[in-house]
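Have a look at the structure below, then the notes.
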Amino acid sequence: MFHLNKNNNNVIIDFKCDNKKYIDCGTNKFKKVIIALFLAGLATFSILYCVQPILPTFSSEFHLTPAQSSLSLSVTTATMAIGMLFTGSLSDTFGRKIVMSISLLLATFLTILCSAMHTWIEVIILRMLTGLSLSGVAAVAMTYLSEEIHPVVLPFAIGLYISGNTIGGFSGRFLSSVLVHYCSWERSLLIIGLVSLFGSLLFLFLLPSSNNFHSISLKPSKIIKSFFLQCSDHILSVLFFIGFILMGSFVTLFNYVGYRLMIQPFFLNQIVIGLLSVVYLTGAYSSPKSSEFILKYGRKNVLIYSLLLMISGIIMTQWDILIFIIFGLMLFSSGFFSAHSVSSSWVGYRSKVAKGQASSLYLCCYYLGSSILGTFGGIFWSLGNWFGISIFIITILLIGIKIVHQLDTSISD
């Protein structure tokens with residue numbers, strides 16, 4: 001149970017976990033879980049996105065077109081999405097911590113190994129394997145939290161984990177862009193791999209073993225049965241779709257905002273445009289903050305408000321005023337990370353069996369949205385430049401608001 005106390009006009013939430021199997025809030029064990037999964041998110045998304053600033057270097061080094069160079073990122077996210085269909089089920093059998101630990105350590109070693117490659121095909125193969133490895137962390141972390149942390153504070157814990165993902169994505173981009181300026185791309189990947197290895201070892205040391213995990217047999221028939229059970233749940237299927245449009249709209253926006261800022265009336269260079277990734281850090285605040293709003297307004301309402309915040313951010317970018325565009329991107333990012341925190345924690349709360357598989361399905365849809373909508377958005381850029389992109393994103397977000405609004409909160413929240 002929890003109590004709300006007012007002190008100097010501030011709301012203080014005092015949680016007390018009723019079930020002794022759950023990790024109590026405010027204890028050292030709770031702090032270890034948060035720190036460990038924060039490090040896991042930091043390492044995972046540093047490894048995932050560290051190649052983005054290196055794409056021009058890849059083009060020069062291996063004589064590639066920009067599209068060919070981008071494969072170093074796109075194949076990683078693609079195999080990551082595919083891997084999530086299996087790693088969640090593996091964790092349902094072998095345990096959450098062991099799957100996450102092996103996956104994270106394997107990804108760091110593959111990144112270090114990738115720094116020693118000399119041909120493009122070798123880089124692509126290792127990045128594909130890296131994506132498969134990372135799927136074991138991304139698919140299982142939220143399931144671990146949903147089992148070990150009291151449901152009342154689960155959104156807050158997941159929000160902090162997503163903050164680590166946010167900072168990791170920014171750190172990977174920023175660190176590699178600085179490193180590649182002063183040394184080779186090989187040295188950049190090596191350093192990022194070593195830093196991630198250190199974080200992975202800390203994760204392995206800090207994360208407590210599961211208390212509430214119950215292994216289920218790894219039988220294909222049961223996996224298929226639970227798969228259809230998850231998809232037949234109306235609320236879960238809506239949340240899977242929300243994950244799809246969230247990441248799809250986010251990637252579409254940031255894929256093409258750079259093109260807008262490179263042409264008139266801005267004519268910004270690539271370095272300045274790259275600094276816009278700082279707006280990602282708004283997620284470090286909005287993700288955990290959304291848990292406080294859930295307690296006040298409910299999951300459904302907070303999710304709708306977050307999607308509306310994303311739309312308002314896009315509208316702000318319609319003016320040819322740079323400060324308006326930056327503020328609009330901040331609003332959009334805040335809404336995105338808040339919505340992702342709400343929907344992902346809702347999946348953990350809603351699913352009753354094979355939680356690892358449910359989380360995996362959500363994240364698989366999430367990253368497929370990045371690949372499908374992010375690519376499809378290029379058609380709207382060709383048709384109407386930034387206005388076309390904006391209409392495309394606003395449309396899919398309005399569809400998301402409509403289906404969330406129709407959810408029956410009496411059985412879902």
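By convention in this document, the chains of the structure tokens carry letters A, B, ... by their order, each chain's residues are numbered from 1, and ligands are numbered from 1 in the order they are shown.
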Who sits within 9 Å of stretch 24-41 of chain A, only C-alpha atoms, same chain under 4 positions skipped, as an MDAnalysis selection string: chainID A and resid 14:20 45:46 100 104 137:138 141 145 149:150 153 157:158 160:169 196 199:200 202:208
Please write the residues from the selection above to a file, keeping N, CA and C atoms, as a tab-separated table (two decimals), in the first residue's frame.
```tsv
chain	number	residue	atom	x	y	z
A	14	ASP	N	4.88	7.67	-0.04
A	14	ASP	CA	5.52	6.72	0.87
A	14	ASP	C	4.95	5.34	0.60
A	15	PHE	N	5.74	4.49	-0.05
A	15	PHE	CA	5.27	3.18	-0.44
A	15	PHE	C	5.65	2.14	0.61
A	16	LYS	N	4.73	1.21	0.82
A	16	LYS	CA	5.01	0.07	1.67
A	16	LYS	C	4.53	-1.18	0.95
A	17	CYS	N	5.43	-2.06	0.67
A	17	CYS	CA	5.09	-3.25	-0.10
A	17	CYS	C	4.43	-4.28	0.82
A	18	ASP	N	3.28	-4.76	0.45
A	18	ASP	CA	2.54	-5.71	1.27
A	18	ASP	C	3.05	-7.13	1.07
A	19	ASN	N	3.44	-7.47	-0.14
A	19	ASN	CA	3.90	-8.82	-0.44
A	19	ASN	C	5.41	-8.89	-0.18
A	20	LYS	N	5.80	-9.77	0.74
A	20	LYS	CA	7.21	-9.83	1.14
A	20	LYS	C	8.10	-10.33	0.02
A	45	PHE	N	22.05	0.54	-25.27
A	45	PHE	CA	21.75	1.53	-26.29
A	45	PHE	C	22.98	2.33	-26.72
A	46	SER	N	24.03	2.30	-25.91
A	46	SER	CA	25.31	2.84	-26.38
A	46	SER	C	25.85	1.97	-27.52
A	100	MET	N	19.75	-12.11	-19.43
A	100	MET	CA	20.23	-10.73	-19.59
A	100	MET	C	21.75	-10.66	-19.48
A	104	LEU	N	24.11	-9.45	-22.57
A	104	LEU	CA	24.85	-8.19	-22.47
A	104	LEU	C	26.35	-8.41	-22.63
A	137	VAL	N	18.55	-8.50	-23.57
A	137	VAL	CA	18.44	-7.50	-22.51
A	137	VAL	C	17.15	-6.71	-22.67
A	138	ALA	N	16.93	-6.20	-23.87
A	138	ALA	CA	15.78	-5.33	-24.12
A	138	ALA	C	14.45	-6.04	-23.88
A	141	ALA	N	14.39	-7.16	-19.51
A	141	ALA	CA	14.58	-6.24	-18.38
A	141	ALA	C	13.26	-5.80	-17.77
A	145	LEU	N	11.54	-6.49	-13.95
A	145	LEU	CA	10.99	-5.46	-13.08
A	145	LEU	C	9.54	-5.75	-12.72
A	149	ILE	N	9.36	-5.98	-8.68
A	149	ILE	CA	9.00	-4.70	-8.07
A	149	ILE	C	7.50	-4.65	-7.84
A	150	HIS	N	7.10	-4.05	-6.72
A	150	HIS	CA	5.67	-3.96	-6.41
A	150	HIS	C	4.93	-3.24	-7.54
A	153	VAL	N	4.67	0.68	-7.77
A	153	VAL	CA	5.82	1.51	-8.17
A	153	VAL	C	6.50	0.99	-9.43
A	157	ALA	N	9.83	2.43	-11.62
A	157	ALA	CA	11.05	1.64	-11.85
A	157	ALA	C	11.34	1.50	-13.33
A	158	ILE	N	10.30	1.23	-14.13
A	158	ILE	CA	10.49	1.11	-15.57
A	158	ILE	C	10.86	2.47	-16.17
A	160	LEU	N	12.70	4.73	-14.75
A	160	LEU	CA	14.13	4.91	-14.51
A	160	LEU	C	14.96	4.05	-15.47
A	161	TYR	N	14.47	2.84	-15.74
A	161	TYR	CA	15.18	1.98	-16.70
A	161	TYR	C	15.19	2.61	-18.08
A	162	ILE	N	14.06	3.15	-18.50
A	162	ILE	CA	13.99	3.81	-19.80
A	162	ILE	C	14.88	5.05	-19.83
A	163	SER	N	15.04	5.71	-18.67
A	163	SER	CA	15.97	6.84	-18.59
A	163	SER	C	17.38	6.38	-18.94
A	164	GLY	N	17.75	5.19	-18.44
A	164	GLY	CA	19.06	4.64	-18.80
A	164	GLY	C	19.17	4.38	-20.28
A	165	ASN	N	18.08	3.89	-20.88
A	165	ASN	CA	18.07	3.69	-22.33
A	165	ASN	C	18.27	5.00	-23.06
A	166	THR	N	17.59	6.04	-22.58
A	166	THR	CA	17.67	7.35	-23.22
A	166	THR	C	19.09	7.90	-23.16
A	167	ILE	N	19.66	7.88	-21.95
A	167	ILE	CA	21.02	8.38	-21.78
A	167	ILE	C	22.02	7.52	-22.54
A	168	GLY	N	21.75	6.20	-22.60
A	168	GLY	CA	22.62	5.31	-23.36
A	168	GLY	C	22.62	5.63	-24.84
A	169	GLY	N	21.43	5.87	-25.40
A	169	GLY	CA	21.34	6.22	-26.81
A	169	GLY	C	22.07	7.51	-27.11
A	196	SER	N	31.34	-0.46	-22.15
A	196	SER	CA	30.12	-1.25	-21.97
A	196	SER	C	30.40	-2.54	-21.21
A	199	GLY	N	30.42	-1.73	-17.57
A	199	GLY	CA	29.05	-1.58	-17.09
A	199	GLY	C	28.33	-2.91	-16.98
A	200	SER	N	28.63	-3.83	-17.91
A	200	SER	CA	27.99	-5.16	-17.89
A	200	SER	C	28.42	-5.97	-16.67
A	202	LEU	N	29.40	-4.72	-13.81
A	202	LEU	CA	28.72	-4.13	-12.66
A	202	LEU	C	27.27	-4.59	-12.59
A	203	PHE	N	26.63	-4.67	-13.74
A	203	PHE	CA	25.24	-5.16	-13.81
A	203	PHE	C	25.15	-6.58	-13.24
A	204	LEU	N	26.06	-7.44	-13.66
A	204	LEU	CA	26.06	-8.83	-13.21
A	204	LEU	C	26.26	-8.92	-11.70
A	205	PHE	N	27.08	-8.03	-11.17
A	205	PHE	CA	27.38	-8.04	-9.74
A	205	PHE	C	26.23	-7.47	-8.91
A	206	LEU	N	25.56	-6.43	-9.42
A	206	LEU	CA	24.57	-5.72	-8.63
A	206	LEU	C	23.18	-6.34	-8.67
A	207	LEU	N	22.77	-6.87	-9.82
A	207	LEU	CA	21.38	-7.29	-9.97
A	207	LEU	C	21.05	-8.49	-9.08
A	208	PRO	N	20.07	-8.36	-8.20
A	208	PRO	CA	19.68	-9.50	-7.35
A	208	PRO	C	19.04	-10.61	-8.18
```
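Within the 9 Å cut-off around stretch 110-125 of chain A, using only C-alpha atoms and omitting residues fewer than 3 positions from it on the same chain, the listed residues are A:Ile47, A:Phe58, A:Phe62, A:Leu71, A:Ser72, A:Leu73, A:Val75, A:Thr76, A:Leu105, A:Leu106, A:Ala107, A:Met128, A:Leu129, A:Thr130, A:Ser133, A:Trp185, A:Glu186, A:Arg187, A:Ser188, A:Leu189, A:Leu190, A:Ile191, A:Ile192, A:Gly193, A:Leu194.
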Just checking: using only C-alpha atoms, which residue out of A:Asn301, A:Ser70, A:Thr252, A:Ser60 ends up closest to A:Ile401? A:Asn301
Separation of atom CA of A:Phe266 and atom CA of A:Thr375, in Å? 24.6 Å
Could you pull the residues within 8 Å of A:Phe380, counting only C-alpha atoms, minus those fewer than 6 positions along the same chain, as a VMD selection string? chain A and resid 388 to 389 392
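With distances restricted to only C-alpha atoms, A:Pro53 is the closest residue to A:Ser176 from A:Gly248, A:Pro288, A:Gly384, A:Pro53.
Closest to A:Ser177 among A:Ile396, A:Cys50, A:Ile245, A:Val238 is A:Cys50, based on only C-alpha atoms.
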Point out the residue among A:Phe109, A:Phe376, A:Phe198, A:Trp346 with the least atom-to-atom distance to A:Ile294, counting only C-alpha atoms. A:Trp346
List every residue of stretch 251-376 of chain A that DSSP, applied to the backbone of this structure, assigns to alpha helix (DSSP H), and report them as an NGL selection string. :A and (251-262 or 270-274 or 283-297 or 299-316 or 322-350 or 355-376)
